[in-house]
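Structure file data_36.cif (mmCIF, C-alpha atoms and all ligand atoms) is printed below.
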data_coords
loop_
_atom_site.group_PDB
_atom_site.id
_atom_site.type_symbol
_atom_site.label_atom_id
_atom_site.label_comp_id
_atom_site.auth_asym_id
_atom_site.auth_seq_id
_atom_site.Cartn_x
_atom_site.Cartn_y
_atom_site.Cartn_z
ATOM 1 C CA MET J 86 131.434 112.561 110.135
ATOM 2 C CA CYS J 87 128.909 110.887 112.468
ATOM 3 C CA THR J 88 128.943 111.570 116.193
ATOM 4 C CA ARG J 89 129.947 107.953 116.816
ATOM 5 C CA CYS J 90 133.137 108.371 114.785
ATOM 6 C CA GLU J 91 133.888 111.668 116.497
ATOM 7 C CA ARG J 92 133.470 110.006 119.892
ATOM 8 C CA LEU J 93 135.685 107.092 118.916
ATOM 9 C CA LEU J 94 138.362 109.342 117.439
ATOM 10 C CA SER J 95 138.478 111.501 120.536
ATOM 11 C CA ALA J 96 138.621 108.280 122.625
ATOM 12 C CA SER J 97 141.540 107.257 120.437
ATOM 13 C CA SER J 98 143.536 110.435 121.072
ATOM 14 C CA GLU J 99 142.863 110.243 124.815
ATOM 15 C CA ALA J 100 143.933 106.611 124.789
ATOM 16 C CA SER J 101 147.215 107.318 122.986
ATOM 17 C CA ALA J 102 148.208 109.643 125.766
ATOM 18 C CA ALA J 103 147.272 107.094 128.412
ATOM 19 C CA SER J 104 148.837 103.866 127.185
ATOM 20 C CA PRO J 105 150.885 102.561 124.264
ATOM 21 C CA TRP J 106 148.502 99.665 123.424
ATOM 22 C CA GLN J 107 145.251 101.612 123.688
ATOM 23 C CA PRO J 108 145.414 103.275 120.238
ATOM 24 C CA ARG J 109 145.127 99.900 118.517
ATOM 25 C CA ARG J 110 142.050 98.966 120.560
ATOM 26 C CA ALA J 111 140.490 102.350 119.833
ATOM 27 C CA PHE J 112 141.298 101.943 116.152
ATOM 28 C CA LEU J 113 139.533 98.565 116.129
ATOM 29 C CA LEU J 114 136.520 100.060 117.886
ATOM 30 C CA ALA J 115 136.441 102.869 115.344
ATOM 31 C CA ALA J 116 136.614 100.374 112.476
ATOM 32 C CA VAL J 117 133.734 98.326 113.934
ATOM 33 C CA GLY J 118 131.692 101.479 114.544
ATOM 34 C CA ALA J 119 132.202 102.734 111.000
ATOM 35 C CA ALA J 120 131.246 99.377 109.531
ATOM 36 C CA LEU J 121 128.002 99.094 111.465
ATOM 37 C CA SER J 122 126.548 102.597 111.435
ATOM 38 C CA GLY J 123 123.784 103.561 109.057
ATOM 39 C CA PRO J 124 124.425 106.416 106.653
ATOM 40 C CA ALA J 125 125.109 109.710 108.389
ATOM 41 C CA PHE J 126 122.384 111.475 106.390
ATOM 42 C CA ALA J 127 119.617 109.052 107.430
ATOM 43 C CA GLN J 128 116.480 110.786 108.661
ATOM 44 C CA VAL J 129 114.821 107.714 110.146
ATOM 45 C CA ASN J 130 116.492 106.200 113.180
ATOM 46 C CA VAL J 131 117.080 102.476 112.809
ATOM 47 C CA GLY J 132 120.403 102.212 114.664
ATOM 48 C CA ASN J 133 123.143 99.840 113.655
ATOM 49 C CA ALA J 134 122.690 96.737 111.537
ATOM 50 C CA SER J 135 122.769 93.418 113.422
ATOM 51 C CA VAL J 136 126.261 92.357 114.547
ATOM 52 C CA ALA J 137 125.195 88.697 114.274
ATOM 53 C CA ARG J 138 125.092 88.921 110.492
ATOM 54 C CA ASN J 139 128.907 89.151 110.431
ATOM 55 C CA LEU J 140 129.072 85.435 111.308
ATOM 56 C CA VAL J 141 127.895 84.531 107.819
ATOM 57 C CA PRO J 142 129.874 85.615 104.749
ATOM 58 C CA ALA J 143 127.820 88.180 102.800
ATOM 59 C CA ASP J 144 128.938 86.829 99.437
ATOM 60 C CA ARG J 145 127.629 83.335 100.296
ATOM 61 C CA ILE J 146 124.160 84.656 101.101
ATOM 62 C CA GLU J 147 124.126 86.885 98.018
ATOM 63 C CA ALA J 148 125.201 83.973 95.815
ATOM 64 C CA ALA J 149 122.407 81.816 97.312
ATOM 65 C CA GLY J 150 119.909 84.614 96.604
ATOM 66 C CA VAL J 151 121.012 84.952 92.991
ATOM 67 C CA GLN J 152 120.890 81.179 92.470
ATOM 68 C CA GLN J 153 117.422 80.762 94.006
ATOM 69 C CA TYR J 154 116.070 83.726 92.082
ATOM 70 C CA GLY J 155 117.279 82.131 88.859
ATOM 71 C CA GLN J 156 115.573 78.849 89.786
ATOM 72 C CA LEU J 157 112.323 80.610 90.612
ATOM 73 C CA LEU J 158 112.308 82.504 87.305
ATOM 74 C CA ALA J 159 113.021 79.291 85.399
ATOM 75 C CA GLN J 160 110.088 77.541 87.124
ATOM 76 C CA ALA J 161 107.771 80.472 86.408
ATOM 77 C CA ARG J 162 108.919 80.607 82.768
ATOM 78 C CA ALA J 163 108.215 76.873 82.378
ATOM 79 C CA LYS J 164 104.636 77.453 83.609
ATOM 80 C CA GLY J 165 104.149 80.505 81.400
ATOM 81 C CA ALA J 166 103.901 82.652 84.554
ATOM 82 C CA LEU J 167 106.884 84.951 83.992
ATOM 83 C CA ALA J 168 105.902 88.384 82.661
ATOM 84 C CA GLY J 169 107.696 89.372 79.439
ATOM 85 C CA ASP J 170 109.677 92.600 79.053
ATOM 86 C CA ASN J 171 106.736 94.267 77.285
ATOM 87 C CA ASN J 172 104.256 93.632 80.104
ATOM 88 C CA PRO J 173 103.014 97.100 81.196
ATOM 89 C CA GLN J 174 102.858 96.148 84.890
ATOM 90 C CA LEU J 175 106.450 94.895 84.743
ATOM 91 C CA GLN J 176 107.539 98.075 82.991
ATOM 92 C CA ARG J 177 105.844 100.067 85.736
ATOM 93 C CA LEU J 178 107.721 98.081 88.414
ATOM 94 C CA ARG J 179 111.051 98.578 86.638
ATOM 95 C CA THR J 180 110.486 102.322 86.315
ATOM 96 C CA ILE J 181 109.815 102.583 90.052
ATOM 97 C CA ALA J 182 112.895 100.462 90.834
ATOM 98 C CA GLN J 183 115.072 102.715 88.666
ATOM 99 C CA ARG J 184 114.021 105.670 90.801
ATOM 100 C CA LEU J 185 114.696 103.875 94.109
ATOM 101 C CA ILE J 186 118.001 102.108 93.357
ATOM 102 C CA PRO J 187 120.242 105.232 93.270
ATOM 103 C CA PHE J 188 119.395 105.807 96.949
ATOM 104 C CA ALA J 189 120.207 102.232 98.027
ATOM 105 C CA THR J 190 124.013 102.172 98.076
ATOM 106 C CA PRO J 191 124.534 104.545 101.022
ATOM 107 C CA TRP J 192 122.670 102.011 103.177
ATOM 108 C CA ASN J 193 125.046 99.215 102.154
ATOM 109 C CA THR J 194 128.111 99.765 100.018
ATOM 110 C CA ARG J 195 128.016 96.123 98.823
ATOM 111 C CA ALA J 196 124.945 97.129 96.806
ATOM 112 C CA ARG J 197 127.294 98.966 94.416
ATOM 113 C CA GLU J 198 128.221 95.532 93.017
ATOM 114 C CA TRP J 199 124.690 94.102 92.968
ATOM 115 C CA LYS J 200 123.049 93.421 89.643
ATOM 116 C CA TRP J 201 119.573 94.644 90.481
ATOM 117 C CA GLU J 202 116.767 92.817 88.718
ATOM 118 C CA VAL J 203 112.967 93.171 88.806
ATOM 119 C CA ASN J 204 110.493 90.544 87.599
ATOM 120 C CA LEU J 205 106.758 89.927 87.781
ATOM 121 C CA LEU J 206 105.349 86.476 88.497
ATOM 122 C CA GLY J 207 101.790 85.473 87.604
ATOM 123 C CA SER J 208 100.291 84.331 90.910
ATOM 124 C CA LYS J 209 97.252 85.256 93.009
ATOM 125 C CA GLN J 210 99.457 85.422 96.070
ATOM 126 C CA ILE J 211 99.731 88.802 97.727
ATOM 127 C CA ASN J 212 103.498 88.795 97.908
ATOM 128 C CA ALA J 213 106.769 90.454 96.868
ATOM 129 C CA PHE J 214 110.406 90.022 97.844
ATOM 130 C CA CYS J 215 113.950 91.231 97.302
ATOM 131 C CA MET J 216 116.539 88.502 97.742
ATOM 132 C CA PRO J 217 120.060 89.224 99.008
ATOM 133 C CA GLY J 218 122.011 90.651 96.088
ATOM 134 C CA GLY J 219 119.151 92.858 94.814
ATOM 135 C CA LYS J 220 116.858 90.349 93.093
ATOM 136 C CA ILE J 221 113.308 91.722 93.261
ATOM 137 C CA ALA J 222 110.045 89.981 92.350
ATOM 138 C CA PHE J 223 106.406 91.004 92.638
ATOM 139 C CA PHE J 224 103.464 88.634 92.334
ATOM 140 C CA THR J 225 100.558 89.853 90.192
ATOM 141 C CA GLY J 226 98.262 89.226 93.200
ATOM 142 C CA ILE J 227 99.713 92.097 95.230
ATOM 143 C CA LEU J 228 99.265 94.581 92.377
ATOM 144 C CA ASP J 229 95.789 93.415 91.309
ATOM 145 C CA GLN J 230 94.131 92.557 94.597
ATOM 146 C CA LEU J 231 95.415 95.548 96.546
ATOM 147 C CA LYS J 232 95.119 97.856 93.509
ATOM 148 C CA LEU J 233 98.418 99.500 94.439
ATOM 149 C CA SER J 234 99.190 103.045 93.312
ATOM 150 C CA ASP J 235 102.749 103.824 92.153
ATOM 151 C CA ASP J 236 103.431 105.385 95.551
ATOM 152 C CA GLU J 237 102.243 102.213 97.316
ATOM 153 C CA VAL J 238 104.316 99.989 94.992
ATOM 154 C CA ALA J 239 107.337 102.134 95.895
ATOM 155 C CA MET J 240 106.623 101.534 99.602
ATOM 156 C CA VAL J 241 106.489 97.730 99.092
ATOM 157 C CA MET J 242 109.611 97.815 96.929
ATOM 158 C CA GLY J 243 111.483 100.105 99.329
ATOM 159 C CA HIS J 244 110.523 97.798 102.208
ATOM 160 C CA GLU J 245 111.816 94.720 100.351
ATOM 161 C CA MET J 246 115.010 96.467 99.242
ATOM 162 C CA ALA J 247 115.581 97.525 102.855
ATOM 163 C CA HIS J 248 115.521 93.886 104.017
ATOM 164 C CA ALA J 249 118.287 93.133 101.500
ATOM 165 C CA LEU J 250 120.284 96.290 102.274
ATOM 166 C CA ARG J 251 120.148 95.771 106.026
ATOM 167 C CA GLU J 252 121.067 92.107 105.426
ATOM 168 C CA HIS J 253 118.213 90.702 107.499
ATOM 169 C CA ALA J 254 118.399 87.314 105.765
ATOM 170 C CA ARG J 255 122.102 87.105 106.598
ATOM 171 C CA ALA J 256 121.387 87.928 110.249
ATOM 172 C CA ARG J 257 118.489 85.402 110.414
ATOM 173 C CA MET J 258 120.792 82.714 109.007
ATOM 174 C CA ALA J 259 123.493 83.519 111.564
ATOM 175 C CA LYS J 260 120.992 83.490 114.415
ATOM 176 C CA SER J 261 119.345 80.239 113.389
ATOM 177 C CA ALA J 262 122.685 78.549 112.653
ATOM 178 C CA GLY J 263 124.423 79.658 115.823
ATOM 179 C CA THR J 264 123.449 79.455 119.473
ATOM 180 C CA GLY J 265 123.818 82.468 121.741
ATOM 181 C CA ALA J 266 127.336 81.310 122.562
ATOM 182 C CA ALA J 267 128.273 81.242 118.884
ATOM 183 C CA LEU J 268 127.643 84.955 118.780
ATOM 184 C CA SER J 269 130.459 85.677 121.215
ATOM 185 C CA ILE J 270 133.708 86.858 119.692
ATOM 186 C CA GLY J 271 135.481 83.641 120.799
ATOM 187 C CA ALA J 272 132.966 81.418 119.056
ATOM 188 C CA GLN J 273 133.084 83.667 116.037
ATOM 189 C CA LEU J 274 136.795 82.930 115.671
ATOM 190 C CA LEU J 275 136.308 79.186 116.223
ATOM 191 C CA GLY J 276 133.073 78.579 114.386
ATOM 192 C CA LEU J 277 132.951 80.931 111.424
ATOM 193 C CA GLY J 278 133.387 78.219 108.813
ATOM 194 C CA GLN J 279 130.778 75.992 110.389
ATOM 195 C CA VAL J 280 128.186 78.743 110.648
ATOM 196 C CA GLY J 281 128.912 79.705 107.055
ATOM 197 C CA ASP J 282 128.255 76.145 105.882
ATOM 198 C CA LEU J 283 125.014 75.910 107.846
ATOM 199 C CA ALA J 284 123.890 79.180 106.337
ATOM 200 C CA ALA J 285 124.615 77.963 102.832
ATOM 201 C CA ARG J 286 122.562 74.808 103.426
ATOM 202 C CA ALA J 287 119.706 76.767 104.999
ATOM 203 C CA GLY J 288 119.932 79.084 101.979
ATOM 204 C CA THR J 289 117.361 76.942 100.196
ATOM 205 C CA GLN J 290 114.724 78.650 102.326
ATOM 206 C CA LEU J 291 115.444 82.287 101.502
ATOM 207 C CA ILE J 292 112.086 82.909 99.869
ATOM 208 C CA THR J 293 110.096 81.630 102.855
ATOM 209 C CA LEU J 294 112.361 83.209 105.446
ATOM 210 C CA LYS J 295 110.278 84.805 108.181
ATOM 211 C CA PHE J 296 111.544 88.172 109.357
ATOM 212 C CA SER J 297 111.282 89.347 112.972
ATOM 213 C CA ARG J 298 109.115 92.274 113.980
ATOM 214 C CA SER J 299 112.198 94.392 114.623
ATOM 215 C CA ASP J 300 113.432 93.557 111.089
ATOM 216 C CA GLU J 301 109.996 94.652 109.886
ATOM 217 C CA THR J 302 110.185 97.982 111.677
ATOM 218 C CA GLU J 303 113.632 98.622 110.171
ATOM 219 C CA ALA J 304 112.446 97.674 106.687
ATOM 220 C CA ASP J 305 109.376 99.913 107.046
ATOM 221 C CA LEU J 306 111.447 102.941 108.031
ATOM 222 C CA VAL J 307 114.401 102.475 105.657
ATOM 223 C CA GLY J 308 111.931 101.732 102.835
ATOM 224 C CA LEU J 309 109.950 104.850 103.719
ATOM 225 C CA GLU J 310 113.084 106.987 103.417
ATOM 226 C CA LEU J 311 114.239 105.345 100.157
ATOM 227 C CA ALA J 312 110.826 105.954 98.595
ATOM 228 C CA ALA J 313 110.614 109.556 99.857
ATOM 229 C CA ARG J 314 114.060 110.337 98.418
ATOM 230 C CA ALA J 315 112.883 108.897 95.097
ATOM 231 C CA GLY J 316 109.881 111.272 95.148
ATOM 232 C CA TYR J 317 107.122 108.898 96.315
ATOM 233 C CA ASP J 318 104.512 110.103 98.790
ATOM 234 C CA PRO J 319 105.390 108.854 102.305
ATOM 235 C CA LYS J 320 101.673 108.802 103.243
ATOM 236 C CA ALA J 321 101.282 105.857 100.838
ATOM 237 C CA SER J 322 103.023 103.706 103.488
ATOM 238 C CA VAL J 323 99.947 104.146 105.701
ATOM 239 C CA SER J 324 97.421 103.455 102.927
ATOM 240 C CA LEU J 325 99.431 100.379 101.879
ATOM 241 C CA TRP J 326 99.323 98.789 105.322
ATOM 242 C CA ASN J 327 95.639 99.660 105.711
ATOM 243 C CA LYS J 328 94.970 97.820 102.434
ATOM 244 C CA MET J 329 97.074 94.903 103.638
ATOM 245 C CA ALA J 330 95.104 94.733 106.915
ATOM 246 C CA THR J 331 91.740 94.818 105.085
ATOM 247 C CA ALA J 332 92.838 92.069 102.670
ATOM 248 C CA SER J 333 94.059 89.978 105.579
ATOM 249 C CA LYS J 334 90.681 90.345 107.328
ATOM 250 C CA ASN J 335 88.772 89.339 104.185
ATOM 251 C CA GLN J 336 91.045 86.585 102.911
ATOM 252 C CA GLY J 337 92.752 85.207 106.012
ATOM 253 C CA GLY J 338 96.510 84.640 106.138
ATOM 254 C CA LEU J 339 98.313 86.573 103.422
ATOM 255 C CA SER J 340 101.610 85.080 102.293
ATOM 256 C CA PHE J 341 103.180 88.529 102.571
ATOM 257 C CA LEU J 342 102.157 88.904 106.217
ATOM 258 C CA SER J 343 103.317 85.379 107.119
ATOM 259 C CA THR J 344 106.902 86.300 106.187
ATOM 260 C CA HIS J 345 106.589 90.007 107.114
ATOM 261 C CA PRO J 346 104.811 89.913 110.511
ATOM 262 C CA SER J 347 102.944 93.105 111.423
ATOM 263 C CA GLY J 348 103.219 94.436 114.940
ATOM 264 C CA PRO J 349 100.143 96.146 116.436
ATOM 265 C CA ASP J 350 101.820 99.538 116.134
ATOM 266 C CA ARG J 351 103.135 99.292 112.556
ATOM 267 C CA ILE J 352 100.948 102.065 111.169
ATOM 268 C CA ALA J 353 101.443 104.271 114.242
ATOM 269 C CA LYS J 354 105.246 103.970 113.862
ATOM 270 C CA LEU J 355 105.036 104.896 110.188
ATOM 271 C CA GLU J 356 102.786 107.875 110.941
ATOM 272 C CA ALA J 357 105.224 109.057 113.612
ATOM 273 C CA ASN J 358 108.055 108.953 111.045
ATOM 274 C CA LEU J 359 106.251 110.793 108.228
ATOM 275 C CA PRO J 360 107.468 114.251 109.366
ATOM 276 C CA LYS J 361 111.102 113.033 109.217
ATOM 277 C CA VAL J 362 110.923 112.287 105.488
ATOM 278 C CA GLU J 363 108.434 114.896 104.246
ATOM 279 C CA ASP J 364 111.193 117.368 103.344
ATOM 280 C CA LEU J 365 112.940 114.664 101.300
ATOM 281 C CA TYR J 366 109.705 113.943 99.430
ATOM 282 C CA ARG J 367 109.017 117.640 98.887
ATOM 283 C CA ALA J 368 112.526 118.219 97.521
ATOM 284 C CA ALA J 369 112.402 115.172 95.214
ATOM 285 C CA SER J 370 108.863 115.606 93.895
ATOM 286 C CA GLY J 371 108.224 119.346 94.080
ATOM 287 C CA VAL J 372 104.859 118.531 95.669
ATOM 288 C CA ASP J 373 103.928 120.632 98.684
ATOM 289 C CA VAL J 374 103.070 118.297 101.556
HETATM 290 ZN ZN ZN J 401 109.233 92.801 105.627
#

Let me see the structure of the file written as structure tokens.
Amino acid sequence: MCTRCERLLSASSEASAASPWQPRRAFLLAAVGAALSGPAFAQVNVGNASVARNLVPADRIEAAGVQQYGQLLAQARAKGALAGDNNPQLQRLRTIAQRLIPFATPWNTRAREWKWEVNLLGSKQINAFCMPGGKIAFFTGILDQLKLSDDEVAMVMGHEMAHALREHARARMAKSAGTGAALSIGAQLLGLGQVGDLAARAGTQLITLKFSRSDETEADLVGLELAARAGYDPKASVSLWNKMATASKNQGGLSFLSTHPSGPDRIAKLEANLPKVEDLYRAASGVDV
């Protein structure tokens, strides 16, 4: 049990002695705490997922993700830009995904129902994404131009999966649909349907959704842990972002960086977190770090 739950449970027993209505309040607090905490085993510290995301129904966002992914694949197929099942690069991506996915569910139990999918799109763009609901795509540009190793691919994939697992798109939708006042509990009760509708309409923009720098930090760290648990070298997170920075210098604005903004301390934060996941990597891979 996490320390938060222990605190809330002990608050609950103290409250029952103090007042007859307090246990219900404490129970509600405990329920909220349990719903928002990350997994108890997590080595990286990313805190609770955004409360704002609760204003938008998760199933609506996931359905929008699945629908848009289908449209994108259909467009790529029509242009002859969708890699076939026998494509070696696609097979490589799917193998890496198969190793990462078993470690995803503890970060978000909804992922148990997701139908994970991985596809490769022929495009020079340096880009990759995972839409809500577990729909992953890589562009050939990111593999070819950055010459990514398997470990580095796992870092990109883990990062993208983390955005979906931590429901960053859902939180962005809630924040852009609602004002600050809409995030209060009162407005939540009054305006839930309206915010949900706005989110569904804004859902057309999932692929170009720009994450915040705090979303990016979370995705970096959760992705780092997912990849380490799957046996991929955590140090590849540093080499990946160095490659990304070099490509950005040489080629100007990368599509990946326009939707995944880098803070000045991205690499430093990753380096500081390497010791937290090295044991996981060592245990999963058998490689001595
Ligand atoms: Zn990102």

- Task: Output the residue selection produced by the PyMOL selection byres (((chain J and resi 254) around 8) and not hetatm) on the file above, formatted as a ChimeraX atom specification.
- Result: /J:146,217,248-249,252-253,255-258,291,294,296

Around ligand ZN 401 (chain J), which protein and nucleic acid residues have at least one atom no more than 6 Å from it, if we count all atoms listed in the file? List them as a PDB file with C-alpha atoms, in the frame of the given file.
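This is the output file out.pdb:
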ATOM      1  CA  GLU J 301     109.996  94.652 109.886  1.00  0.00           C
ATOM      2  CA  ALA J 304     112.446  97.674 106.687  1.00  0.00           C
ATOM      3  CA  HIS J 345     106.589  90.007 107.114  1.00  0.00           C
TER       4      HIS J 345
END

- Task: Would you list the contacts of Phe224 in chain J as an MDAnalysis selection string, taking every protein, DNA or RNA residue within 6 Å and counting only C-alpha atoms, but skipping same-chain residues closer than 4 positions in sequence?
- Result: chainID J and resid 205:208 212:213

- Message: Counting all atoms listed in the file, I want the residues whose atoms come within 12 Å of (112.7, 94.7, 108.4) in the file frame, returned as a VMD selection string.
- Response: chain J and resid 131 134 to 135 214 to 215 241 243 to 254 256 to 257 294 to 309 344 to 348 351

- Message: What does the structure give for the distance between CA of Gln128 in chain J and CA of Phe223 in chain J, in Å to one decimal?
- Response: 27.4 Å

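The smallest atom-to-atom distance between Ser322 in chain J and any of J:Ser370, J:Asn139, J:Asn358, J:Asn193, using all atoms listed in the file, is found for J:Asn358.
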
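With CA of Asn172 in chain J on one side and CA of Phe341 in chain J on the other, the separation reads 23.1 Å.
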
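Around the coordinate (126.6, 97.9, 97.4), residues that reach within 12 Å when counting all atoms listed in the file are Ala143, Asp144, Glu147, Ile186, Pro187, Phe188, Ala189, Thr190, Pro191, Trp192, Asn193, Thr194, Arg195, Ala196, Arg197, Glu198, Trp199, Lys200, Trp201, Pro217, Gly218, Gly219, Met246, Ala249, Leu250, Arg251 and Glu252 of chain J.
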
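Here CA of Ala312 in chain J stands at a distance of 16.2 Å from CA of Asp373 in chain J.
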
- Query: Which residues fall under the PyMOL selection byres (((chain J and resi 323) around 10) and not hetatm) in this file, as a PyMOL selection string?
  - Reply: chain J and resi 237+240+319-322+324-329+351-356+359

Can you sort out range 350-363 of chain J so it carries N, CA and C atoms, written as a short mmCIF file (atom, residue, chain, number, x, y, z; two decimals), in the frame of the given file?
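Dumped to selection07.cif:
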data_model
loop_
_atom_site.label_atom_id
_atom_site.label_comp_id
_atom_site.auth_asym_id
_atom_site.auth_seq_id
_atom_site.Cartn_x
_atom_site.Cartn_y
_atom_site.Cartn_z
N ASP J 350 101.58 98.09 116.26
CA ASP J 350 101.82 99.54 116.13
C ASP J 350 102.51 99.90 114.82
N ARG J 351 102.43 99.03 113.82
CA ARG J 351 103.14 99.29 112.56
C ARG J 351 102.72 100.64 111.94
N ILE J 352 101.41 100.84 111.82
CA ILE J 352 100.95 102.06 111.17
C ILE J 352 101.27 103.29 112.02
N ALA J 353 101.13 103.14 113.35
CA ALA J 353 101.44 104.27 114.24
C ALA J 353 102.91 104.67 114.10
N LYS J 354 103.80 103.67 114.00
CA LYS J 354 105.25 103.97 113.86
C LYS J 354 105.51 104.69 112.55
N LEU J 355 104.85 104.23 111.48
CA LEU J 355 105.04 104.90 110.19
C LEU J 355 104.54 106.33 110.26
N GLU J 356 103.35 106.51 110.85
CA GLU J 356 102.79 107.88 110.94
C GLU J 356 103.72 108.79 111.73
N ALA J 357 104.32 108.25 112.79
CA ALA J 357 105.22 109.06 113.61
C ALA J 357 106.47 109.46 112.83
N ASN J 358 106.84 108.67 111.83
CA ASN J 358 108.06 108.95 111.04
C ASN J 358 107.81 109.79 109.79
N LEU J 359 106.53 110.01 109.45
CA LEU J 359 106.25 110.79 108.23
C LEU J 359 106.92 112.17 108.25
N PRO J 360 106.85 112.91 109.39
CA PRO J 360 107.47 114.25 109.37
C PRO J 360 108.96 114.22 109.07
N LYS J 361 109.64 113.10 109.42
CA LYS J 361 111.10 113.03 109.22
C LYS J 361 111.48 112.96 107.74
N VAL J 362 110.56 112.47 106.90
CA VAL J 362 110.92 112.29 105.49
C VAL J 362 110.14 113.21 104.55
N GLU J 363 109.25 114.04 105.12
CA GLU J 363 108.43 114.90 104.25
C GLU J 363 109.28 115.89 103.45
#
